file model-v7.tsv (TSV, C-alpha atoms)
chain	number	residue	atom	x	y	z
A	1	MET	CA	26.48	-48.37	28.50
A	2	ARG	CA	29.28	-46.02	29.17
A	3	ASP	CA	27.06	-43.77	31.37
A	4	GLN	CA	26.99	-46.57	33.95
A	5	HIS	CA	30.48	-45.57	34.94
A	6	ARG	CA	29.66	-41.89	35.46
A	7	PRO	CA	28.78	-40.70	38.93
A	8	LYS	CA	25.08	-40.28	39.58
A	9	GLN	CA	25.45	-36.58	40.52
A	10	GLU	CA	27.18	-35.85	37.20
A	11	LEU	CA	24.24	-37.37	35.30
A	12	ILE	CA	21.77	-35.36	37.40
A	13	ASN	CA	23.68	-32.15	36.69
A	14	GLU	CA	23.64	-32.93	32.99
A	15	VAL	CA	19.86	-33.51	33.00
A	16	VAL	CA	19.32	-30.27	34.92
A	17	ALA	CA	21.48	-28.39	32.37
A	18	LEU	CA	19.56	-29.92	29.47
A	19	ARG	CA	16.23	-28.95	31.06
A	20	LYS	CA	17.49	-25.39	31.46
A	21	GLN	CA	18.50	-25.33	27.79
A	22	VAL	CA	15.00	-26.51	26.80
A	23	ALA	CA	13.39	-23.85	29.01
A	24	ASP	CA	15.69	-21.17	27.53
A	25	LEU	CA	14.79	-22.29	24.00
A	26	LYS	CA	11.08	-22.13	24.82
A	27	GLU	CA	11.50	-18.60	26.19
A	28	ALA	CA	13.53	-17.55	23.13
A	29	THR	CA	10.82	-18.99	20.84
A	30	ALA	CA	8.11	-17.10	22.73
A	31	ALA	CA	10.13	-13.87	22.55
A	32	ARG	CA	10.66	-14.36	18.82
A	33	ARG	CA	6.91	-14.85	18.32
A	34	ARG	CA	6.23	-11.62	20.23
A	35	VAL	CA	8.70	-9.73	18.05
A	36	GLU	CA	7.24	-11.23	14.86
A	37	ASP	CA	3.71	-10.29	15.99
A	38	ALA	CA	4.82	-6.73	16.78
A	39	LEU	CA	6.54	-6.46	13.40
A	40	ARG	CA	3.46	-7.79	11.60
A	41	HIS	CA	1.27	-5.28	13.47
A	42	SER	CA	3.66	-2.45	12.62
A	43	GLU	CA	3.66	-3.45	8.94
A	44	GLU	CA	-0.15	-3.53	8.94
A	45	GLN	CA	-0.26	-0.03	10.44
A	46	LEU	CA	2.22	1.29	7.89
A	47	ARG	CA	0.26	-0.29	5.03
A	48	ALA	CA	-2.97	1.25	6.38
A	49	LEU	CA	-1.28	4.66	6.60
A	50	VAL	CA	-0.02	4.40	3.03
A	51	ASP	CA	-3.34	3.11	1.69
A	52	CYS	CA	-5.41	5.73	3.54
A	53	SER	CA	-3.16	8.60	2.52
A	54	PRO	CA	-4.96	11.28	0.51
A	55	VAL	CA	-1.90	11.71	-1.71
A	56	GLY	CA	-0.25	9.42	-4.21
A	57	LEU	CA	2.84	7.60	-3.00
A	58	CYS	CA	5.20	5.66	-5.23
A	59	LEU	CA	8.53	3.95	-4.65
A	60	PHE	CA	10.30	3.41	-7.94
A	61	ARG	CA	13.59	2.29	-9.38
A	62	ILE	CA	15.81	4.88	-10.98
A	63	ASP	CA	14.93	3.32	-14.36
A	64	GLY	CA	11.35	4.55	-13.80
A	65	THR	CA	9.65	1.26	-13.01
A	66	PRO	CA	7.56	1.29	-9.84
A	67	ILE	CA	8.36	-1.00	-6.93
A	68	SER	CA	5.33	-0.11	-4.83
A	69	ALA	CA	2.48	2.40	-5.01
A	70	ASN	CA	-0.66	3.21	-3.09
A	71	GLY	CA	-4.26	3.42	-4.31
A	72	PRO	CA	-4.41	7.20	-4.80
A	73	PHE	CA	-1.29	7.11	-6.99
A	74	ALA	CA	-2.73	4.28	-9.10
A	75	ARG	CA	-6.12	6.00	-9.48
A	76	MET	CA	-4.45	9.32	-10.33
A	77	LEU	CA	-2.94	7.59	-13.36
A	78	GLY	CA	-6.19	5.84	-14.33
A	79	TYR	CA	-5.47	2.37	-12.95
A	80	GLU	CA	-8.00	0.32	-10.99
A	81	SER	CA	-5.49	-0.77	-8.35
A	82	PRO	CA	-1.83	-0.55	-7.37
A	83	ALA	CA	-1.39	-4.14	-8.59
A	84	GLU	CA	-2.58	-3.16	-12.08
A	85	LEU	CA	-0.29	-0.11	-12.09
A	86	LEU	CA	2.69	-2.23	-11.04
A	87	SER	CA	2.10	-4.91	-13.67
A	88	VAL	CA	1.57	-2.50	-16.60
A	89	SER	CA	4.22	-0.02	-15.53
A	90	GLN	CA	6.95	-2.65	-15.25
A	91	VAL	CA	7.26	-2.26	-19.02
A	92	LEU	CA	6.32	1.41	-19.54
A	93	GLY	CA	7.40	3.05	-16.29
A	94	VAL	CA	5.40	5.80	-14.61
A	95	PHE	CA	6.92	8.82	-16.34
A	96	VAL	CA	5.76	10.28	-19.64
A	97	SER	CA	9.28	9.98	-21.08
A	98	GLY	CA	12.80	8.87	-20.31
A	99	ALA	CA	13.88	12.51	-20.21
A	100	GLU	CA	11.24	13.30	-17.58
A	101	ARG	CA	12.34	10.29	-15.49
A	102	ALA	CA	15.99	11.38	-15.73
A	103	ARG	CA	15.07	14.95	-14.70
A	104	VAL	CA	13.10	13.81	-11.65
A	105	VAL	CA	15.73	11.28	-10.54
A	106	GLU	CA	18.51	13.84	-10.92
A	107	LEU	CA	16.62	16.41	-8.82
A	108	ILE	CA	15.96	13.86	-6.09
A	109	LYS	CA	19.53	12.56	-6.09
A	110	ARG	CA	20.79	16.14	-5.71
A	111	GLY	CA	18.72	16.32	-2.53
A	112	GLU	CA	15.98	18.59	-3.83
A	113	GLU	CA	12.86	17.35	-2.10
A	114	ARG	CA	10.53	19.73	-3.97
A	115	VAL	CA	10.64	18.27	-7.43
A	116	GLY	CA	7.90	20.54	-8.80
A	117	ASP	CA	5.56	19.45	-11.52
A	118	VAL	CA	6.14	15.97	-12.83
A	119	LEU	CA	4.68	14.48	-15.98
A	120	PHE	CA	3.46	10.95	-15.38
A	121	ARG	CA	2.19	8.47	-17.98
A	122	ARG	CA	-1.48	7.63	-17.56
A	123	LYS	CA	-2.88	4.17	-18.26
A	124	ASP	CA	-4.34	5.48	-21.53
A	125	GLY	CA	-0.87	6.74	-22.54
A	126	GLY	CA	-1.62	10.42	-22.01
A	127	PRO	CA	0.33	12.73	-19.72
A	128	HIS	CA	-0.73	13.59	-16.19
A	129	ALA	CA	0.95	16.49	-14.40
A	130	SER	CA	1.19	16.54	-10.60
A	131	TRP	CA	3.21	18.62	-8.18
A	132	ALA	CA	5.51	16.21	-6.38
A	133	MET	CA	8.10	15.81	-3.69
A	134	GLY	CA	10.73	13.11	-3.65
A	135	ALA	CA	13.46	11.58	-1.55
A	136	ALA	CA	16.34	9.23	-2.17
A	137	CYS	CA	16.07	5.86	-0.45
A	138	LYS	CA	18.71	3.89	1.41
A	139	ASP	CA	18.78	1.60	-1.62
A	140	PRO	CA	20.75	3.70	-4.15
A	141	ASP	CA	18.73	2.21	-7.03
A	142	SER	CA	15.35	3.52	-5.82
A	143	VAL	CA	13.65	6.79	-4.93
A	144	ALA	CA	10.36	7.66	-3.25
A	145	LEU	CA	7.92	10.13	-4.77
A	146	VAL	CA	4.86	11.82	-3.28
A	147	ALA	CA	2.40	13.26	-5.80
A	148	LEU	CA	0.74	16.01	-3.80
A	149	GLU	CA	-1.75	17.57	-6.18
A	150	THR	CA	-2.91	17.48	-9.74
A	151	LEU	CA	-1.91	20.49	-11.77
A	152	SER	CA	-4.15	22.29	-14.23
A	153	ALA	CA	-4.36	21.12	-17.83
A	154	ALA	CA	-2.15	24.07	-18.80
A	155	CYS	CA	0.78	22.40	-17.04
A	156	SER	CA	0.42	19.08	-18.83
A	157	GLY	CA	2.10	20.47	-21.90
A	158	GLY	CA	5.55	19.96	-20.43
A	159	THR	CA	6.58	23.15	-18.63
A	160	HIS	CA	8.42	22.43	-15.42
A	161	SER	CA	8.72	24.61	-12.37
A	162	GLY	CA	11.30	22.34	-10.65

call {"tool": "encode", "arguments": {"input": "model-v7.tsv", "output": "structure tokens"}}
result
Amino acid sequence: MRDQHRPKQELINEVVALRKQVADLKEATAARRRVEDALRHSEEQLRALVDCSPVGLCLFRIDGTPISANGPFARMLGYESPAELLSVSQVLGVFVSGAERARVVELIKRGEERVGDVLFRRKDGGPHASWAMGAACKDPDSVALVALETLSAACSGGTHSG
């Protein structure tokens, strides 16, 4: 063994250094677990806030397909759950037409938070008008929309106040 030729103190120092490395790794692992737990808790709180919101919230791509939505948004459009809305709307989108999607996206990209009345596509294919606010996201291919209130049936014919 080549370590037989090393001084005893050098070997002791090496073992001490290795033990310190192990202790540092254990502390780093514990710190990482604490951070992961805090992040998980924060995500749970955010999800609860979104799910308990009395207004519809939807994050969608600029092509009109939803990325995420809460329960009130899904129910507003006649879906049983956000999961159902997301699966069906991946093909159809959430807007009543491509022109309506383009109008809403353009308003949001221009920085106009108050989009006005927006015509959404219901599960049954009919239009649903809601007053909405929107915001561009950090991801340039997505925007967030908040549907604040349902408009009267008179508005579902396609007039826009935006």

call {"tool": "residues_around", "arguments": {"input": "model-v7.tsv", "residues": "Lys123 of chain A", "least_positions_apart": "2", "cutoff": "9 Å", "atoms": "all atoms listed in the file", "output": "list in words"}}
result
Leu77, Gly78, Tyr79, Leu85, Val88, Ser89, Arg121, Gly125 and Gly126 of chain A

call {"tool": "atom_distance", "arguments": {"input": "model-v7.tsv", "atom1": "atom CA of Gly116 of chain A", "atom2": "atom CA of Leu59 of chain A"}}
result
17.1 Å

call {"tool": "residues_near_point", "arguments": {"input": "model-v7.tsv", "point": "(-0.9, 5.1, -9.5)", "cutoff": "10 Å", "atoms": "only C-alpha atoms", "output": "VMD selection string"}}
result
chain A and resid 56 to 58 66 68 to 86 89 94 120 to 123 147

call {"tool": "residues_around", "arguments": {"input": "model-v7.tsv", "residues": "Ile62 of chain A", "least_positions_apart": "6", "cutoff": "7 Å", "atoms": "only C-alpha atoms", "output": "list in words"}}
result
Val105, Asp141, Ser142 and Val143 of chain A

call {"tool": "closest_residue", "arguments": {"input": "model-v7.tsv", "among": "A:Glu36, A:Glu27, A:Glu100, A:Glu43", "to": "Asp63 of chain A", "atoms": "all atoms listed in the file"}}
result
A:Glu100

call {"tool": "closest_residue", "arguments": {"input": "model-v7.tsv", "among": "A:Ala129, A:Arg101, A:Glu10, A:Ala135", "to": "Arg114 of chain A", "atoms": "all atoms listed in the file"}}
result
A:Ala135

call {"tool": "residues_near_point", "arguments": {"input": "model-v7.tsv", "point": "(19.1, 16.5, -5.5)", "cutoff": "12 Å", "atoms": "all atoms listed in the file", "output": "list in words"}}
result
Ala102, Arg103, Val104, Val105, Glu106, Leu107, Ile108, Lys109, Arg110, Gly111, Glu112, Glu113, Arg114, Val115, Met133, Gly134, Ala135, Ala136, Val143 and Gly162 of chain A

call {"tool": "write_last_selection", "arguments": {"input": "model-v7.tsv", "atoms": "C-alpha atoms", "output": "mmCIF file, in the coordinates of the input"}}
result
data_model
loop_
_atom_site.group_PDB
_atom_site.id
_atom_site.type_symbol
_atom_site.label_atom_id
_atom_site.label_comp_id
_atom_site.auth_asym_id
_atom_site.auth_seq_id
_atom_site.Cartn_x
_atom_site.Cartn_y
_atom_site.Cartn_z
ATOM 1 C CA ALA A 102 15.990 11.380 -15.730
ATOM 2 C CA ARG A 103 15.070 14.950 -14.700
ATOM 3 C CA VAL A 104 13.100 13.810 -11.650
ATOM 4 C CA VAL A 105 15.730 11.280 -10.540
ATOM 5 C CA GLU A 106 18.510 13.840 -10.920
ATOM 6 C CA LEU A 107 16.620 16.410 -8.820
ATOM 7 C CA ILE A 108 15.960 13.860 -6.090
ATOM 8 C CA LYS A 109 19.530 12.560 -6.090
ATOM 9 C CA ARG A 110 20.790 16.140 -5.710
ATOM 10 C CA GLY A 111 18.720 16.320 -2.530
ATOM 11 C CA GLU A 112 15.980 18.590 -3.830
ATOM 12 C CA GLU A 113 12.860 17.350 -2.100
ATOM 13 C CA ARG A 114 10.530 19.730 -3.970
ATOM 14 C CA VAL A 115 10.640 18.270 -7.430
ATOM 15 C CA MET A 133 8.100 15.810 -3.690
ATOM 16 C CA GLY A 134 10.730 13.110 -3.650
ATOM 17 C CA ALA A 135 13.460 11.580 -1.550
ATOM 18 C CA ALA A 136 16.340 9.230 -2.170
ATOM 19 C CA VAL A 143 13.650 6.790 -4.930
ATOM 20 C CA GLY A 162 11.300 22.340 -10.650
#

call {"tool": "closest_residue", "arguments": {"input": "model-v7.tsv", "among": "A:Ser97, A:Ser53, A:Gln21, A:Ser87", "to": "Leu148 of chain A", "atoms": "only C-alpha atoms"}}
result
A:Ser53

call {"tool": "atom_distance", "arguments": {"input": "model-v7.tsv", "atom1": "atom CA of Asp124 of chain A", "atom2": "atom CA of Cys52 of chain A"}}
result
25.1 Å

call {"tool": "atom_distance", "arguments": {"input": "model-v7.tsv", "atom1": "atom CA of Lys26 of chain A", "atom2": "atom CA of Lys8 of chain A"}}
result
27.3 Å
